[in-house]
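Engineer: Contents of query.txt (compact mmCIF, C-alpha atoms and all ligand atoms) are given next:
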# COMPACT_ATOMS: atom_id res chain seq x y z
CA MET A 131 0.00 0.00 0.00
CA PRO A 132 1.53 3.34 -0.97
CA ALA A 133 1.98 5.90 1.81
CA HIS A 134 -0.18 8.33 -0.11
CA ASN A 135 -3.03 7.74 -2.51
CA ARG A 136 -2.17 9.00 -5.96
CA PHE A 137 -5.80 8.84 -7.05
CA LEU A 138 -6.66 11.58 -4.55
CA GLU A 139 -3.84 13.89 -5.71
CA GLY A 140 -2.72 16.00 -8.64
CA PRO A 141 -4.81 15.61 -11.78
CA PHE A 142 -6.95 12.92 -10.09
CA ALA A 143 -7.84 15.03 -7.05
CA PRO A 144 -11.61 15.26 -6.65
CA VAL A 145 -13.38 18.60 -6.80
CA THR A 146 -15.47 19.69 -3.87
CA GLU A 147 -18.22 21.79 -5.44
CA GLU A 148 -20.97 21.59 -7.99
CA ILE A 149 -20.80 24.53 -10.36
CA THR A 150 -23.19 26.00 -12.90
CA ALA A 151 -21.75 28.56 -15.31
CA PHE A 152 -23.39 30.20 -18.31
CA GLY A 153 -21.99 31.91 -21.42
CA LEU A 154 -18.53 30.34 -21.35
CA PRO A 155 -15.58 32.15 -22.93
CA VAL A 156 -14.23 30.56 -26.10
CA THR A 157 -10.89 30.89 -27.87
CA GLY A 158 -11.29 30.20 -31.58
CA SER A 159 -14.64 29.61 -33.18
CA LEU A 160 -17.19 27.00 -32.13
CA PRO A 161 -18.62 25.21 -35.17
CA ALA A 162 -22.27 26.22 -35.47
CA GLU A 163 -23.21 22.67 -36.47
CA LEU A 164 -22.23 21.35 -33.03
CA SER A 165 -25.51 21.57 -31.20
CA GLY A 166 -25.79 19.27 -28.21
CA ARG A 167 -24.05 18.25 -25.01
CA TYR A 168 -20.64 16.80 -24.36
CA LEU A 169 -20.87 14.80 -21.13
CA ARG A 170 -18.18 12.86 -19.29
CA ASN A 171 -18.40 10.70 -16.19
CA GLY A 172 -15.72 9.91 -13.63
CA PRO A 173 -15.12 9.07 -9.99
CA ASN A 174 -15.21 11.95 -7.53
CA PRO A 175 -15.30 10.82 -3.90
CA LEU A 176 -17.05 13.21 -1.52
CA GLY A 177 -14.14 13.17 0.90
CA LEU A 178 -10.41 12.55 1.07
CA ASP A 179 -10.51 10.48 4.23
CA ASP A 180 -10.09 6.99 2.74
CA PRO A 181 -6.40 6.08 2.28
CA ASN A 182 -7.49 2.83 0.61
CA TYR A 183 -9.55 4.67 -1.98
CA HIS A 184 -9.69 2.78 -5.29
CA TRP A 185 -10.07 4.88 -8.45
CA PHE A 186 -12.93 2.66 -9.64
CA LEU A 187 -15.00 3.20 -6.50
CA GLY A 188 -15.46 6.96 -6.22
CA ALA A 189 -18.98 8.34 -6.51
CA GLY A 190 -19.76 9.31 -10.10
CA MET A 191 -19.65 12.96 -11.10
CA VAL A 192 -20.76 14.02 -14.55
CA HIS A 193 -19.23 17.09 -16.20
CA GLY A 194 -21.14 18.60 -19.12
CA VAL A 195 -20.87 21.41 -21.64
CA ARG A 196 -23.84 22.58 -23.69
CA LEU A 197 -23.08 23.92 -27.19
CA ARG A 198 -25.59 25.65 -29.47
CA ASP A 199 -25.42 28.04 -32.43
CA GLY A 200 -21.69 28.61 -32.07
CA ARG A 201 -21.90 29.36 -28.36
CA ALA A 202 -21.00 27.46 -25.23
CA GLU A 203 -24.19 27.92 -23.23
CA TRP A 204 -23.27 26.22 -19.97
CA TYR A 205 -20.98 24.06 -17.92
CA ARG A 206 -22.31 21.91 -15.09
CA ASN A 207 -20.84 19.25 -12.86
CA ARG A 208 -23.12 17.08 -10.76
CA TRP A 209 -22.69 14.09 -8.52
CA VAL A 210 -24.92 11.16 -9.38
CA ARG A 211 -27.35 10.93 -6.44
CA SER A 212 -27.23 7.37 -5.25
CA ARG A 213 -28.80 6.75 -1.87
CA ALA A 214 -25.40 7.16 -0.19
CA VAL A 215 -24.46 10.35 -2.07
CA ALA A 216 -27.84 11.90 -1.32
CA ALA A 217 -27.42 11.03 2.37
CA GLN A 218 -23.94 12.56 2.50
CA ARG A 219 -25.35 15.76 1.04
CA ASP A 220 -28.38 15.79 3.37
CA GLU A 221 -30.72 15.39 0.44
CA LYS A 222 -33.68 13.10 -0.09
CA TRP A 223 -32.89 10.13 -2.33
CA GLN A 224 -35.18 9.95 -5.37
CA GLY A 225 -35.75 6.22 -4.86
CA GLY A 226 -36.25 3.57 -7.51
CA PRO A 227 -35.28 0.00 -8.36
CA VAL A 228 -32.08 -1.47 -6.91
CA HIS A 229 -30.44 -4.71 -8.08
CA GLU A 230 -29.32 -7.01 -5.23
CA ASN A 231 -28.70 -4.12 -2.84
CA THR A 232 -25.95 -2.78 -5.12
CA ASP A 233 -27.02 0.85 -5.38
CA PHE A 234 -24.05 2.95 -6.55
CA ALA A 235 -23.47 6.42 -8.01
CA ALA A 236 -22.59 5.17 -11.51
CA ASN A 237 -19.15 6.58 -12.31
CA THR A 238 -17.87 5.05 -15.53
CA HIS A 239 -19.71 6.19 -18.64
CA ILE A 240 -22.57 8.36 -19.73
CA ILE A 241 -24.69 7.66 -22.79
CA SER A 242 -27.98 8.68 -24.34
CA HIS A 243 -30.49 6.06 -25.42
CA ALA A 244 -34.18 6.30 -26.29
CA GLY A 245 -34.34 9.80 -24.85
CA ARG A 246 -32.70 8.85 -21.55
CA THR A 247 -29.34 10.19 -20.37
CA LEU A 248 -27.80 7.29 -18.45
CA ALA A 249 -24.78 7.21 -16.17
CA THR A 250 -23.52 3.62 -16.22
CA VAL A 251 -21.33 1.31 -14.17
CA GLU A 252 -20.58 -2.42 -14.12
CA ALA A 253 -20.55 -5.29 -11.63
CA GLY A 254 -24.17 -5.19 -10.51
CA PRO A 255 -25.71 -1.74 -10.04
CA LEU A 256 -28.33 -0.24 -12.33
CA PRO A 257 -27.62 2.87 -14.42
CA TYR A 258 -28.81 6.22 -13.12
CA GLU A 259 -30.96 8.39 -15.34
CA LEU A 260 -30.10 12.10 -15.38
CA SER A 261 -32.03 15.08 -16.69
CA ASP A 262 -30.74 17.11 -19.65
CA GLU A 263 -29.19 19.40 -17.05
CA LEU A 264 -27.55 16.55 -15.14
CA ASP A 265 -29.90 16.37 -12.17
CA THR A 266 -30.48 12.80 -10.97
CA ILE A 267 -33.87 11.35 -11.91
CA GLY A 268 -33.23 7.91 -10.40
CA PRO A 269 -32.05 4.37 -11.07
CA CYS A 270 -33.13 2.93 -14.43
CA ASP A 271 -34.19 -0.68 -15.07
CA PHE A 272 -35.58 0.23 -18.51
CA GLY A 273 -39.15 0.41 -17.33
CA GLY A 274 -38.90 -2.83 -15.39
CA SER A 275 -37.68 -4.78 -18.43
CA LEU A 276 -34.09 -5.44 -17.21
CA PRO A 277 -33.51 -8.51 -15.03
CA GLY A 278 -30.29 -8.06 -13.08
CA GLY A 279 -27.73 -5.29 -13.25
CA PHE A 280 -26.29 -3.50 -16.24
CA ALA A 281 -22.85 -2.59 -17.62
CA ALA A 282 -20.45 0.32 -17.89
CA HIS A 283 -19.82 -0.18 -21.60
CA THR A 284 -22.55 -0.57 -24.18
CA LYS A 285 -22.49 -0.79 -27.97
CA LEU A 286 -25.16 0.92 -30.01
CA ASP A 287 -25.76 -0.30 -33.56
CA HIS A 288 -26.51 3.06 -35.10
CA ARG A 289 -28.56 1.62 -37.98
CA THR A 290 -30.87 -0.62 -35.97
CA GLY A 291 -30.94 1.44 -32.78
CA GLU A 292 -30.19 -1.71 -30.74
CA LEU A 293 -28.09 -1.16 -27.64
CA HIS A 294 -26.02 -4.16 -26.50
CA ALA A 295 -24.41 -4.77 -23.12
CA ILE A 296 -22.69 -7.55 -21.18
CA ALA A 297 -23.69 -7.51 -17.50
CA TYR A 298 -21.73 -9.38 -14.84
CA PHE A 299 -22.23 -9.79 -11.10
CA TRP A 300 -20.10 -11.61 -8.54
CA ALA A 301 -22.89 -13.90 -7.34
CA TRP A 302 -23.84 -15.11 -10.84
CA ASP A 303 -22.53 -18.28 -12.52
CA HIS A 304 -22.96 -16.57 -15.88
CA VAL A 305 -22.73 -13.20 -17.56
CA GLN A 306 -25.75 -11.74 -19.27
CA HIS A 307 -25.97 -10.38 -22.82
CA VAL A 308 -28.63 -7.67 -22.84
CA VAL A 309 -30.27 -6.15 -25.91
CA VAL A 310 -32.22 -2.90 -25.47
CA ASP A 311 -34.34 -1.83 -28.43
CA ALA A 312 -34.52 1.63 -29.96
CA ALA A 313 -37.52 2.42 -27.76
CA GLY A 314 -35.55 1.73 -24.58
CA LYS A 315 -36.99 -1.67 -23.60
CA VAL A 316 -34.93 -4.80 -22.97
CA ILE A 317 -36.04 -7.20 -25.69
CA ARG A 318 -33.63 -10.10 -25.07
CA THR A 319 -31.28 -11.42 -22.44
CA THR A 320 -28.98 -14.40 -22.86
CA GLY A 321 -27.14 -16.05 -20.00
CA ILE A 322 -23.62 -17.21 -20.86
CA PRO A 323 -22.08 -19.65 -18.35
CA VAL A 324 -18.66 -18.63 -16.96
CA THR A 325 -16.49 -19.80 -14.08
CA ASP A 326 -14.70 -17.81 -11.34
CA GLY A 327 -16.75 -14.63 -11.80
CA PRO A 328 -14.65 -12.80 -14.42
CA MET A 329 -14.59 -9.02 -14.69
CA MET A 330 -15.85 -8.05 -18.16
CA HIS A 331 -15.32 -4.34 -18.44
CA ASP A 332 -15.89 -4.12 -22.18
CA PHE A 333 -16.76 -6.31 -25.15
CA ALA A 334 -17.06 -5.87 -28.89
CA LEU A 335 -19.90 -6.04 -31.38
CA THR A 336 -19.96 -6.90 -35.08
CA GLN A 337 -22.88 -7.42 -37.44
CA SER A 338 -22.73 -11.16 -36.69
CA TYR A 339 -21.28 -11.53 -33.22
CA VAL A 340 -21.03 -10.30 -29.69
CA VAL A 341 -17.33 -10.74 -28.80
CA LEU A 342 -16.78 -11.62 -25.13
CA LEU A 343 -13.48 -11.20 -23.28
CA ASP A 344 -13.21 -13.83 -20.53
CA LEU A 345 -9.79 -12.90 -19.09
CA PRO A 346 -7.96 -13.89 -15.89
CA VAL A 347 -9.24 -11.10 -13.63
CA THR A 348 -11.86 -12.75 -11.44
CA PHE A 349 -13.87 -12.16 -8.29
CA SER A 350 -12.15 -12.87 -4.98
CA LEU A 351 -13.88 -12.63 -1.64
CA ASN A 352 -10.48 -13.01 0.02
CA ALA A 353 -9.16 -9.91 -1.70
CA VAL A 354 -11.20 -7.67 0.55
CA THR A 355 -10.22 -9.43 3.76
CA GLU A 356 -6.61 -9.24 2.58
CA GLY A 357 -6.88 -5.46 2.46
CA LYS A 358 -7.22 -5.01 -1.28
CA GLU A 359 -9.49 -2.24 -2.42
CA LEU A 360 -11.40 -4.08 -5.14
CA PRO A 361 -12.53 -7.74 -5.01
CA TYR A 362 -11.18 -8.61 -8.49
CA VAL A 363 -7.69 -10.09 -8.74
CA TRP A 364 -5.34 -11.55 -11.34
CA ASN A 365 -6.13 -15.28 -11.38
CA PRO A 366 -3.46 -17.33 -13.21
CA SER A 367 -5.61 -20.47 -13.00
CA HIS A 368 -8.39 -18.89 -15.03
CA GLN A 369 -8.06 -19.76 -18.74
CA ALA A 370 -8.11 -16.64 -20.92
CA ARG A 371 -10.52 -16.98 -23.82
CA VAL A 372 -12.46 -15.01 -26.40
CA GLY A 373 -16.09 -15.85 -27.05
CA LEU A 374 -18.15 -15.40 -30.21
CA LEU A 375 -21.85 -15.25 -29.42
CA PRO A 376 -24.11 -15.07 -32.47
CA ARG A 377 -25.69 -11.66 -32.17
CA ASP A 378 -29.16 -12.92 -33.02
CA GLY A 379 -29.07 -15.46 -30.18
CA SER A 380 -29.40 -18.32 -32.66
CA SER A 381 -26.80 -20.57 -31.02
CA SER A 382 -24.48 -20.75 -28.07
CA VAL A 383 -21.15 -19.00 -27.64
CA ARG A 384 -18.01 -20.40 -29.29
CA TRP A 385 -14.92 -20.02 -27.06
CA ILE A 386 -11.33 -19.76 -28.28
CA GLU A 387 -8.47 -20.02 -25.78
CA ILE A 388 -5.77 -17.33 -25.82
CA GLU A 389 -2.64 -16.42 -23.87
CA PRO A 390 -3.25 -14.63 -20.54
CA CYS A 391 -3.63 -10.86 -20.99
CA TRP A 392 -5.86 -8.03 -19.88
CA VAL A 393 -8.08 -5.67 -21.89
CA PHE A 394 -10.13 -2.82 -20.55
CA HIS A 395 -11.28 -1.42 -23.89
CA CYS A 396 -12.02 -2.34 -27.47
CA LEU A 397 -11.79 0.32 -30.17
CA ASN A 398 -14.27 -1.44 -32.46
CA ALA A 399 -14.88 -4.74 -34.23
CA TYR A 400 -16.31 -5.95 -37.53
CA ASP A 401 -16.88 -9.02 -39.68
CA ASP A 402 -14.34 -9.64 -42.43
CA ASN A 403 -14.89 -12.56 -44.81
CA GLY A 404 -15.93 -14.99 -42.13
CA LYS A 405 -13.39 -13.74 -39.60
CA VAL A 406 -13.83 -11.16 -36.86
CA VAL A 407 -11.51 -8.19 -36.52
CA VAL A 408 -11.24 -6.59 -33.07
CA ASP A 409 -8.99 -3.58 -32.39
CA LEU A 410 -8.24 -3.09 -28.70
CA CYS A 411 -5.84 -1.72 -26.10
CA LEU A 412 -3.87 -4.69 -24.80
CA TYR A 413 -2.08 -5.26 -21.49
CA SER A 414 0.03 -8.22 -22.53
CA GLN A 415 1.19 -9.05 -19.00
CA SER A 416 -0.65 -9.67 -15.76
CA PHE A 417 -2.68 -6.82 -14.28
CA ASP A 418 -4.20 -7.14 -10.83
CA VAL A 419 -6.88 -4.47 -10.86
CA SER A 420 -7.57 -4.95 -7.15
CA THR A 421 -4.67 -2.65 -6.35
CA LEU A 422 -4.54 -0.78 -9.68
CA TRP A 423 -0.78 -0.24 -9.50
CA SER A 424 0.28 -3.63 -10.80
CA ALA A 425 0.11 -3.05 -14.56
CA HIS A 426 3.21 -3.64 -16.65
CA GLY A 427 3.36 -1.04 -19.37
CA PRO A 428 2.97 0.02 -21.96
CA VAL A 429 -0.51 -0.84 -23.09
CA THR A 430 -0.51 -1.08 -26.88
CA LEU A 431 -3.07 -0.83 -29.65
CA ASP A 432 -3.44 -4.28 -31.16
CA ARG A 433 -5.61 -6.08 -33.68
CA TRP A 434 -7.03 -9.53 -33.08
CA ILE A 435 -8.21 -11.42 -36.13
CA ILE A 436 -10.48 -14.15 -34.81
CA ASP A 437 -11.07 -17.21 -36.95
CA PRO A 438 -14.26 -18.81 -35.63
CA ALA A 439 -12.66 -22.18 -36.41
CA GLY A 440 -10.53 -21.61 -33.31
CA LYS A 441 -7.59 -19.28 -33.80
CA VAL A 442 -6.77 -15.72 -32.80
CA THR A 443 -4.01 -13.90 -34.70
CA GLN A 444 -2.52 -10.81 -33.10
CA GLN A 445 -1.03 -7.78 -34.85
CA ARG A 446 0.48 -4.73 -33.18
CA LEU A 447 -0.98 -1.51 -34.58
CA ASP A 448 0.82 1.00 -32.35
CA ASP A 449 3.31 0.32 -29.58
CA ARG A 450 3.07 3.59 -27.67
CA GLY A 451 1.16 3.59 -24.39
CA GLN A 452 -2.46 4.58 -24.94
CA GLU A 453 -5.93 3.96 -23.60
CA PHE A 454 -9.55 5.08 -23.97
CA PRO A 455 -9.86 4.03 -27.64
CA ARG A 456 -12.89 5.38 -29.51
CA VAL A 457 -14.29 5.34 -33.01
CA ASP A 458 -17.02 7.42 -34.56
CA ASP A 459 -19.96 5.98 -32.59
CA ARG A 460 -22.05 5.75 -35.79
CA ILE A 461 -19.73 3.05 -37.13
CA ILE A 462 -19.68 0.68 -34.14
CA SER A 463 -19.96 -2.97 -35.30
CA ARG A 464 -18.99 -2.06 -38.88
CA PRO A 465 -15.54 -1.56 -40.48
CA HIS A 466 -13.78 1.56 -39.27
CA ARG A 467 -10.89 3.43 -40.81
CA TYR A 468 -10.14 5.94 -38.07
CA GLY A 469 -9.70 5.57 -34.35
CA TYR A 470 -8.83 7.94 -31.51
CA SER A 471 -7.06 7.22 -28.26
CA ALA A 472 -5.46 9.13 -25.42
CA VAL A 473 -1.90 9.16 -24.13
CA ILE A 474 -2.29 9.96 -20.45
CA GLY A 475 1.06 9.71 -18.73
CA GLU A 476 -0.45 10.40 -15.32
CA VAL A 477 -2.75 7.39 -15.64
CA THR A 478 0.03 5.14 -16.91
CA ARG A 479 2.32 6.25 -14.10
CA ALA A 480 -0.42 5.70 -11.55
CA ILE A 481 -1.32 2.16 -12.59
CA THR A 482 2.10 0.71 -13.40
CA ALA A 483 4.03 -1.23 -10.80
CA SER A 484 7.21 0.75 -11.47
CA GLY A 485 5.52 4.13 -11.76
CA ASP A 486 7.41 4.65 -15.00
CA PHE A 487 6.18 6.00 -18.26
CA GLY A 488 8.09 5.10 -21.41
CA ASP A 489 8.51 8.57 -22.84
CA GLU A 490 8.32 11.43 -20.37
CA ALA A 491 8.21 14.00 -23.17
CA PHE A 492 5.14 12.47 -24.72
CA THR A 493 2.53 12.15 -22.03
CA ASN A 494 -0.40 14.41 -22.85
CA ALA A 495 -1.74 13.71 -26.30
CA ILE A 496 -4.66 12.47 -28.32
CA LEU A 497 -3.87 10.11 -31.19
CA ARG A 498 -5.69 9.77 -34.47
CA HIS A 499 -5.11 6.43 -36.15
CA ASP A 500 -5.68 5.98 -39.87
CA LEU A 501 -5.87 2.20 -39.91
CA ALA A 502 -6.25 2.01 -43.68
CA HIS A 503 -2.85 3.65 -44.16
CA GLY A 504 -1.24 2.53 -40.92
CA THR A 505 -0.45 6.11 -39.92
CA VAL A 506 -0.88 7.95 -36.63
CA GLU A 507 -1.10 11.67 -35.92
CA ALA A 508 -0.60 13.03 -32.41
CA HIS A 509 -2.10 16.24 -31.08
CA GLU A 510 0.13 17.08 -28.15
CA PHE A 511 -1.00 19.39 -25.38
CA GLY A 512 2.22 19.97 -23.51
CA ARG A 513 3.44 19.68 -19.97
CA ASP A 514 0.78 19.28 -17.26
CA ALA A 515 -2.00 19.57 -19.85
CA THR A 516 -3.55 16.19 -19.12
CA ALA A 517 -6.08 15.14 -21.75
CA GLY A 518 -8.88 12.67 -21.23
CA GLU A 519 -10.75 10.37 -23.58
CA ALA A 520 -11.45 11.87 -27.00
CA VAL A 521 -14.92 11.62 -28.51
CA PHE A 522 -15.78 12.10 -32.19
CA ALA A 523 -18.67 14.40 -33.09
CA PRO A 524 -19.81 14.24 -36.74
CA ALA A 525 -20.27 17.52 -38.60
CA ALA A 526 -23.73 16.34 -39.71
CA PRO A 527 -25.80 13.19 -39.07
CA ASN A 528 -24.82 11.67 -42.42
CA SER A 529 -21.35 13.09 -42.84
CA ALA A 530 -18.41 10.80 -43.66
CA GLU A 531 -16.55 8.89 -40.96
CA ASP A 532 -13.83 11.50 -40.67
CA ASP A 533 -15.93 14.62 -41.31
CA GLY A 534 -16.31 16.20 -37.92
CA TYR A 535 -14.62 17.07 -34.66
CA VAL A 536 -12.74 15.41 -31.86
CA MET A 537 -13.40 16.75 -28.37
CA ALA A 538 -11.92 16.16 -24.95
CA PHE A 539 -11.46 17.83 -21.60
CA VAL A 540 -7.85 19.03 -21.34
CA HIS A 541 -6.31 20.63 -18.28
CA ASN A 542 -5.13 24.17 -18.87
CA PRO A 543 -2.16 24.68 -16.51
CA ASP A 544 -2.10 28.45 -17.05
CA ARG A 545 -5.60 28.80 -15.63
CA GLY A 546 -5.61 25.81 -13.30
CA ALA A 547 -8.89 24.75 -14.88
CA ALA A 548 -10.10 22.59 -17.75
CA ASP A 549 -10.83 23.49 -21.34
CA LEU A 550 -13.14 21.61 -23.66
CA VAL A 551 -10.82 21.31 -26.65
CA ILE A 552 -12.36 20.79 -30.08
CA LEU A 553 -10.12 19.61 -32.92
CA ALA A 554 -11.00 19.26 -36.60
CA ALA A 555 -10.63 15.55 -37.31
CA GLN A 556 -9.31 16.21 -40.82
CA ASP A 557 -6.76 18.79 -39.64
CA PHE A 558 -5.83 17.00 -36.47
CA THR A 559 -2.47 18.49 -35.59
CA ALA A 560 -3.53 22.09 -36.30
CA ASP A 561 -4.46 24.44 -33.49
CA PRO A 562 -7.83 23.53 -31.96
CA VAL A 563 -10.87 24.90 -33.77
CA ALA A 564 -12.10 26.05 -30.38
CA ARG A 565 -11.23 25.92 -26.72
CA VAL A 566 -14.11 26.41 -24.32
CA HIS A 567 -12.71 27.73 -21.06
CA LEU A 568 -14.43 26.06 -18.13
CA PRO A 569 -14.59 27.64 -14.69
CA ALA A 570 -13.16 24.66 -12.78
CA ARG A 571 -10.64 21.88 -12.82
CA ILE A 572 -11.94 18.50 -14.04
CA PRO A 573 -10.27 15.45 -12.47
CA LEU A 574 -9.02 12.74 -14.79
CA GLY A 575 -11.95 10.38 -15.22
CA PHE A 576 -13.40 7.78 -17.52
CA HIS A 577 -15.81 7.93 -20.45
CA GLY A 578 -18.18 10.31 -22.15
CA SER A 579 -20.40 10.99 -25.12
CA TRP A 580 -21.29 13.72 -27.53
CA ILE A 581 -25.09 13.83 -27.46
CA PRO A 582 -26.31 15.85 -30.43
CA ASP A 583 -29.71 17.52 -30.30
CA HIS A 584 -30.76 15.71 -33.51
FE FE B 601 -14.01 1.75 -19.56
Spit out the file's structure as structure tokens when you get a sec.

Structural biologist:
Amino acid sequence: MPAHNRFLEGPFAPVTEEITAFGLPVTGSLPAELSGRYLRNGPNPLGLDDPNYHWFLGAGMVHGVRLRDGRAEWYRNRWVRSRAVAAQRDEKWQGGPVHENTDFAANTHIISHAGRTLATVEAGPLPYELSDELDTIGPCDFGGSLPGGFAAHTKLDHRTGELHAIAYFWAWDHVQHVVVDAAGKVIRTTGIPVTDGPMMHDFALTQSYVVLLDLPVTFSLNAVTEGKELPYVWNPSHQARVGLLPRDGSSSVRWIEIEPCWVFHCLNAYDDNGKVVVDLCLYSQSFDVSTLWSAHGPVTLDRWIIDPAGKVTQQRLDDRGQEFPRVDDRIISRPHRYGYSAVIGEVTRAITASGDFGDEAFTNAILRHDLAHGTVEAHEFGRDATAGEAVFAPAAPNSAEDDGYVMAFVHNPDRGAADLVILAAQDFTADPVARVHLPARIPLGFHGSWIPDH
């Protein structure tokens, strides 16, 4: 156990206030076609009094910026009001369904589906629905149609409107594939037997398959009694495997054994002449997430080509340390050409056993991968300008894959506060198109979405 907790310090340090600010100053010119909200979720504990604090367990706080007609109308940050968060703030909890007594202020992602804005988290709890202005409405079980908990990561098939998720829970002997229709009702669940209670943070979706990652990080009741912060540990006896579940539920999952590794995030996946291509950020050595500082860097961008006959071929796409991979959300489950990821030296330093980062001069950047040409561009932000996950916002609903903007919260060391930085995807290394200057610091966090008005 480190003498101090790095996830309560520096760029991770939680903020202590909820702020509402209108008419935000902008450097550059906000594209008039960007009308909507950029929202990002992340852990923000209400106090600093827990030396064993685990980054994955802080109460969720959503930061949002509202853009319209070339103006930045507002910034808000709001804690998700779980029962515990409401109690700590002397507020009345809104109430609602709770799965297996696992109410939690969802801290991992925020998405929009069927008119609902949902803060999501894995491992049992339900999502929390928020208002357009980030006030908590309450837990969401999709109108009573969801049996069990939900998931942090979901995959929306933009053409069908189907939202897919893989839910896991320590007390289950299976994980659950969940399909939510375009109207926001769960229309199918499929139980997939697993052993040891694996953590499944993310998965991948193609037109034919749901791709499951059953990797050797599994539930451990002993971990907690042994003083670890999270009850999921590296389990060398758990066989790593990749599963192909027919997306239409027509038959059972086909498992393919692989070498032990860890994956938090997939960039995207697609069918390719009978094979399945999955691009992902790979930790090729053991990673015990129960302590979070056991990773062996760097995490690389790799491609798995899965032959359903029983073979996975691995290619390295980029060997620099990166995480939070994203594609244009409209293309999920279909072939992508471009991908975006973040180089966050502070995160890499915080989670690696040695505390080292490969290249100290290259720690705050967003990468744009052109996977058709095998090229990468880096937009670097400079010293202390930590950048979070980058999200693509199309210029118009039907614009081409690369026709639009890439946005992220980036710390501005000169002001000691965050900027929402907006880059032109097709002129990626140029100066940002716009920087929206926010009135507060935003701690490094997890995932977000651009939610256009139309
Ligand atoms: Fe994630």

Engineer: Just want the residues within 12 Å of ligand FE 601 (chain B), written as a count of residues only, counting all atoms listed in the file.

Structural biologist: 36

Engineer: Considering all atoms listed in the file, can you say which of A:Val406, A:Pro361, A:Phe299, A:Glu292 comes closest to Gly440 (chain A)?

Structural biologist: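 When distances to Gly440 (chain A) are compared using all atoms listed in the file, the smallest one comes from A:Val406.
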
Engineer: Tell me which of A:Val408, A:Val383, A:Ala555, A:Leu360 sits closest to Ala530 (chain A), counting all atoms listed in the file.

Structural biologist: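 Checking each of A:Val408, A:Val383, A:Ala555, A:Leu360 against Ala530 (chain A), counting all atoms listed in the file, the winner is A:Ala555.
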
Engineer: Find, counting all atoms listed in the file, the residue in A:His304, A:His584, A:Arg318, A:Arg289 that gets nearest to Ala526 (chain A).

Structural biologist: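 Distance minimum relative to Ala526 (chain A) lands on A:His584.
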
Engineer: Padding of 4 Å on every side, edges along x, y and z, all listed atoms of region 290-306 of chain A included: what centre and edge lengths in Å, to one decimal, does that box have, as AutoDock Vina command-line options?

Structural biologist:
--center_x -25.5 --center_y -8.4 --center_z -21.7 --size_x 18.8 --size_y 27.7 --size_z 36.6

Engineer: Return the single residue from A:Ala189, A:Glu510, A:Ala313, A:Asp402 that is closest to Gln218 (chain A), with distances computed using only C-alpha atoms.

Structural biologist: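 Nearest candidate to Gln218 (chain A) out of A:Ala189, A:Glu510, A:Ala313, A:Asp402: A:Ala189.
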
Engineer: Trp580 (chain A): which residues within 8 Å, counting only C-alpha atoms, same-chain residues fewer than 6 positions away excluded, as a PyMOL selection string?

Structural biologist: chain A and resi 166-169+521-523

Engineer: Give me, please, the distance in Å between CA of Cys391 (chain A) and CA of Thr421 (chain A), quoted to one decimal.

Structural biologist: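 These atoms are spaced 16.8 Å apart.
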
Engineer: My list of candidates is A:Ile317, A:Leu248, A:Val566, A:Ile581. Which is closest to Trp204 (chain A) when distances are computed with all atoms listed in the file?

Structural biologist: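 Result for the nearest residue to Trp204 (chain A): A:Val566.
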
Engineer: Name all residues at most 7 Å from Phe272 (chain A) (count only C-alpha atoms; drop same-chain ones fewer than 6 positions away) and give them as a short mmCIF file (atom, residue, chain, number, x, y, z; two decimals) with C-alpha atoms, keeping the file's coordinate frame.

Structural biologist:
data_model
loop_
_atom_site.label_atom_id
_atom_site.label_comp_id
_atom_site.auth_asym_id
_atom_site.auth_seq_id
_atom_site.Cartn_x
_atom_site.Cartn_y
_atom_site.Cartn_z
CA GLY A 314 -35.55 1.73 -24.58
CA LYS A 315 -36.99 -1.67 -23.60
CA VAL A 316 -34.93 -4.80 -22.97
#

Engineer: Enter the distance from CA of Trp392 (chain A) to CA of Ser414 (chain A), in Å, rounded to one decimal.

Structural biologist: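 Straight-line distance from CA of Trp392 (chain A) to CA of Ser414 (chain A) works out to 6.5 Å.
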